[in-house]
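Content type mmCIF, C-alpha atoms; chains and numbers go by the auth columns, from the file entry01.cif:
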data_target
loop_
_atom_site.group_PDB
_atom_site.id
_atom_site.type_symbol
_atom_site.label_atom_id
_atom_site.label_comp_id
_atom_site.label_asym_id
_atom_site.label_seq_id
_atom_site.Cartn_x
_atom_site.Cartn_y
_atom_site.Cartn_z
_atom_site.B_iso_or_equiv
_atom_site.auth_seq_id
_atom_site.auth_asym_id
ATOM 1 C CA MET A 1 6.535 2.629 5.241 0.00 284 M
ATOM 2 C CA HIS A 2 6.715 4.244 8.685 0.00 285 M
ATOM 3 C CA LEU A 3 10.402 5.128 8.230 0.00 286 M
ATOM 4 C CA PHE A 4 9.709 6.626 4.797 0.00 287 M
ATOM 5 C CA ARG A 5 6.896 8.793 6.186 0.00 288 M
ATOM 6 C CA PHE A 6 9.179 9.853 9.069 0.00 289 M
ATOM 7 C CA LEU A 7 11.910 10.926 6.652 0.00 290 M
ATOM 8 C CA LEU A 8 9.443 12.888 4.519 0.00 291 M
ATOM 9 C CA LYS A 9 8.194 14.696 7.610 0.00 292 M
ATOM 10 C CA LYS A 10 11.743 15.356 8.835 0.00 293 M
ATOM 11 C CA GLU A 11 12.706 16.911 5.489 0.00 294 M
ATOM 12 C CA LYS A 12 9.445 18.929 5.472 0.00 295 M
ATOM 13 C CA VAL A 13 8.273 17.512 2.135 0.00 296 M
ATOM 14 C CA LYS A 14 5.545 15.139 3.347 0.00 297 M
ATOM 15 C CA ASP A 15 2.819 17.342 1.841 0.00 298 M
ATOM 16 C CA LYS A 16 4.493 17.011 -1.589 0.00 299 M
ATOM 17 C CA ALA A 17 4.735 13.226 -1.570 0.00 300 M
ATOM 18 C CA LYS A 18 2.144 10.773 -2.830 0.00 301 M
ATOM 19 C CA ILE A 19 2.526 7.305 -1.332 0.00 302 M
ATOM 20 C CA VAL A 20 0.952 4.367 -3.183 0.00 303 M
ATOM 21 C CA PHE A 21 0.963 0.832 -1.765 0.00 304 M
ATOM 22 C CA ILE A 22 0.614 -1.909 -4.393 0.00 305 M
ATOM 23 C CA THR A 23 -0.232 -5.362 -3.102 0.00 306 M
ATOM 24 C CA ASN A 24 -1.252 -8.681 -4.578 0.00 307 M
ATOM 25 C CA GLU A 25 -3.603 -9.224 -1.643 0.00 308 M
ATOM 26 C CA TYR A 26 -7.262 -9.606 -2.532 0.00 309 M
ATOM 27 C CA GLU A 27 -8.148 -7.082 0.183 0.00 310 M
ATOM 28 C CA LEU A 28 -5.942 -4.861 2.311 0.00 311 M
ATOM 29 C CA GLY A 29 -5.277 -6.544 5.625 0.00 312 M
ATOM 30 C CA ASP A 30 -5.560 -10.094 4.274 0.00 313 M
ATOM 31 C CA PHE A 31 -2.002 -10.849 5.380 0.00 314 M
ATOM 32 C CA GLY A 32 -2.063 -14.026 3.302 0.00 315 M
ATOM 33 C CA MET A 33 -4.698 -15.644 5.502 0.00 316 M
ATOM 34 C CA ALA A 34 -7.983 -13.918 4.621 0.00 317 M
ATOM 35 C CA GLY A 35 -7.446 -11.420 7.415 0.00 318 M
ATOM 36 C CA ALA A 36 -8.064 -11.564 11.118 0.00 319 M
ATOM 37 C CA HIS A 37 -10.077 -9.766 13.752 0.00 320 M
ATOM 38 C CA ILE A 38 -8.723 -7.245 16.233 0.00 321 M
ATOM 39 C CA LYS A 39 -10.445 -6.827 19.580 0.00 322 M
ATOM 40 C CA LYS A 40 -9.758 -3.532 21.340 0.00 323 M
ATOM 41 C CA GLY A 41 -11.820 -1.438 23.702 0.00 324 M
ATOM 42 C CA GLY A 42 -14.819 -3.755 23.446 0.00 325 M
ATOM 43 C CA TYR A 43 -14.941 -3.504 19.650 0.00 326 M
ATOM 44 C CA ILE A 44 -14.071 -6.192 17.125 0.00 327 M
ATOM 45 C CA THR A 45 -12.699 -4.965 13.793 0.00 328 M
ATOM 46 C CA HIS A 46 -11.580 -6.927 10.758 0.00 329 M
ATOM 47 C CA THR A 47 -8.004 -6.224 9.632 0.00 330 M
ATOM 48 C CA LYS A 48 -9.352 -5.076 6.231 0.00 331 M
ATOM 49 C CA THR A 49 -11.262 -2.209 7.870 0.00 332 M
ATOM 50 C CA PHE A 50 -8.394 -1.466 10.248 0.00 333 M
ATOM 51 C CA THR A 51 -5.775 -1.332 7.457 0.00 334 M
ATOM 52 C CA GLU A 52 -7.904 0.752 5.106 0.00 335 M
ATOM 53 C CA SER A 53 -8.619 3.233 7.913 0.00 336 M
ATOM 54 C CA LEU A 54 -4.944 3.418 8.864 0.00 337 M
ATOM 55 C CA PHE A 55 -3.899 4.075 5.260 0.00 338 M
ATOM 56 C CA ALA A 56 -6.645 6.663 4.720 0.00 339 M
ATOM 57 C CA GLU A 57 -5.702 8.544 7.905 0.00 340 M
ATOM 58 C CA ARG A 58 -2.125 8.749 6.648 0.00 341 M
ATOM 59 C CA ASN A 59 -2.963 9.701 3.041 0.00 342 M
ATOM 60 C CA VAL A 60 -1.614 6.441 1.614 0.00 343 M
ATOM 61 C CA SER A 61 -3.331 5.261 -1.575 0.00 344 M
ATOM 62 C CA TRP A 62 -3.504 1.589 -2.406 0.00 345 M
ATOM 63 C CA ILE A 63 -3.810 -0.682 -5.390 0.00 346 M
ATOM 64 C CA LYS A 64 -4.801 -4.216 -4.497 0.00 347 M
ATOM 65 C CA ARG A 65 -5.051 -7.472 -6.472 0.00 348 M
ATOM 66 C CA ALA A 66 -2.017 -6.467 -8.562 0.00 349 M
ATOM 67 C CA HIS A 67 1.631 -7.385 -9.048 0.00 350 M
ATOM 68 C CA ILE A 68 4.605 -5.523 -10.468 0.00 351 M
ATOM 69 C CA TYR A 69 6.015 -7.269 -13.531 0.00 352 M
ATOM 70 C CA LYS A 70 8.484 -4.672 -14.822 0.00 353 M
ATOM 71 C CA VAL A 71 10.371 -1.704 -13.397 0.00 354 M
ATOM 72 C CA GLU A 72 12.172 1.049 -15.287 0.00 355 M
ATOM 73 C CA SER A 73 14.091 3.997 -13.847 0.00 356 M
ATOM 74 C CA ASN A 74 10.987 6.027 -12.935 0.00 357 M
ATOM 75 C CA LYS A 75 8.098 3.781 -13.894 0.00 358 M
ATOM 76 C CA ALA A 76 6.603 0.531 -12.625 0.00 359 M
ATOM 77 C CA TYR A 77 4.289 -1.684 -14.657 0.00 360 M
ATOM 78 C CA TYR A 78 1.701 -3.808 -12.914 0.00 361 M
ATOM 79 C CA GLU A 79 -0.977 -6.292 -13.869 0.00 362 M
ATOM 80 C CA THR A 80 -4.204 -6.790 -11.948 0.00 363 M
ATOM 81 C CA LEU A 81 -5.777 -10.064 -10.989 0.00 364 M
ATOM 82 C CA TYR A 82 -8.231 -9.506 -13.852 0.00 365 M
ATOM 83 C CA GLY A 83 -5.495 -9.201 -16.493 0.00 366 M
ATOM 84 C CA SER A 84 -5.475 -5.462 -17.131 0.00 367 M
ATOM 85 C CA THR A 85 -2.069 -3.770 -17.241 0.00 368 M
ATOM 86 C CA HIS A 86 -1.172 -0.337 -15.927 0.00 369 M
ATOM 87 C CA GLU A 87 1.838 1.806 -15.202 0.00 370 M
ATOM 88 C CA ILE A 88 2.695 4.191 -12.413 0.00 371 M
ATOM 89 C CA GLU A 89 5.439 6.793 -12.344 0.00 372 M
ATOM 90 C CA PHE A 90 7.569 7.397 -9.255 0.00 373 M
ATOM 91 C CA ASP A 91 10.588 9.285 -7.950 0.00 374 M
ATOM 92 C CA PHE A 92 11.365 6.713 -5.264 0.00 375 M
ATOM 93 C CA ALA A 93 10.141 3.132 -5.030 0.00 376 M
ATOM 94 C CA MET A 94 10.696 0.271 -2.644 0.00 377 M
ATOM 95 C CA LEU A 95 9.897 -3.287 -3.720 0.00 378 M
ATOM 96 C CA ILE A 96 9.630 -5.840 -0.945 0.00 379 M
ATOM 97 C CA PRO A 97 9.676 -9.550 -1.867 0.00 380 M
ATOM 98 C CA GLN A 98 6.824 -11.726 -0.697 0.00 381 M
#
Just dump the structure as structure tokens.
Amino acid sequence: MHLFRFLLKKEKVKDKAKIVFITNEYELGDFGMAGAHIKKGGYITHTKTFTESLFAERNVSWIKRAHIYKVESNKAYYETLYGSTHEIEFDFAMLIPQ
């Protein structure tokens, strides 16, 4: 995601891009192990809070508890943990296997 943001900034189109992170994690920052705690500067922060703050600072939206089940040329279909289905349109997408 960092490289993508760098390229958007380099091409001077970052303000025109909407970045959405879709994850099957129950909460952001779970990392497949119910999260962790980060200790820095005398503070202890859960990775959920840290990740959400990092994404918010960088204008990255997120959809959690969901998985992509179908991709078309400019549209991805996803289903949530609760069984509802949705679609999201895109110009560029990157799917990373688990």
Close residues, stretch 364-372 of chain M itself excluded, 7 Å, all atoms listed in the file, min 4 positions apart in chain, as a compact mmCIF listing (two decimals) with C-alpha atoms, in the coordinates of the input:
# COMPACT_ATOMS: atom_id res chain seq x y z
CA ARG M 348 -5.05 -7.47 -6.47
CA ALA M 349 -2.02 -6.47 -8.56
CA ASN M 357 10.99 6.03 -12.94
CA LYS M 358 8.10 3.78 -13.89
CA ALA M 359 6.60 0.53 -12.62
CA TYR M 360 4.29 -1.68 -14.66
**OP:** Give me the residues within 10 Å of M:His320 as an NGL selection string, counting only C-alpha atoms and dropping any in the same chain fewer than 4 places off.
**Re:** :M and (312 or 326-333)
**OP:** Give as a list of chain:residue names the residues that the PyMOL selection byres ((chain M and resi 287) around 12) matches when applied to the coordinates above.
**Re:** M:Met284, M:His285, M:Leu286, M:Arg288, M:Phe289, M:Leu290, M:Leu291, M:Lys292, M:Lys293, M:Glu294, M:Val296, M:Lys297, M:Ala300, M:Lys301, M:Ile302, M:Val343, M:Phe375, M:Ala376, M:Met377
Original post:
What does the distance between atom CA of M:Leu311 and atom CA of M:Ser356 come to in Å, to one decimal place?
Top reply: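 Spanning atom CA of M:Leu311 to atom CA of M:Ser356 is a straight-line distance of 27.2 Å.
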Original post:
Using all atoms listed in the file, which of M:Glu308, M:Asp313, M:Asp298, M:Asp374 sits nearest M:Ile346?
Top reply: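 Using all atoms listed in the file, the shortest distance to M:Ile346 belongs to M:Glu308.
Here atom CA of M:Arg341 and atom CA of M:Ile305 stand 15.6 Å from one another.
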**OP:** Could you check how far atom CA of M:Thr306 sits from atom CA of M:Lys347, in Å to one decimal?
**Re:**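 Pair atom CA of M:Thr306 / atom CA of M:Lys347 returns 4.9 Å.
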Subject >> Picked residues, the PyMOL selection byres ((chain M and resi 380) around 12), as a VMD selection string >> reply: chain M and resid 306 to 307 350 to 351 377 to 379 381
Subject >> Selected residue, from M:Thr334, M:Thr363, M:Tyr352, M:Glu340, that lies nearest to M:Gly318 when counting only C-alpha atoms >> reply: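 Counting only C-alpha atoms, the residue closest to M:Gly318 is M:Thr334.
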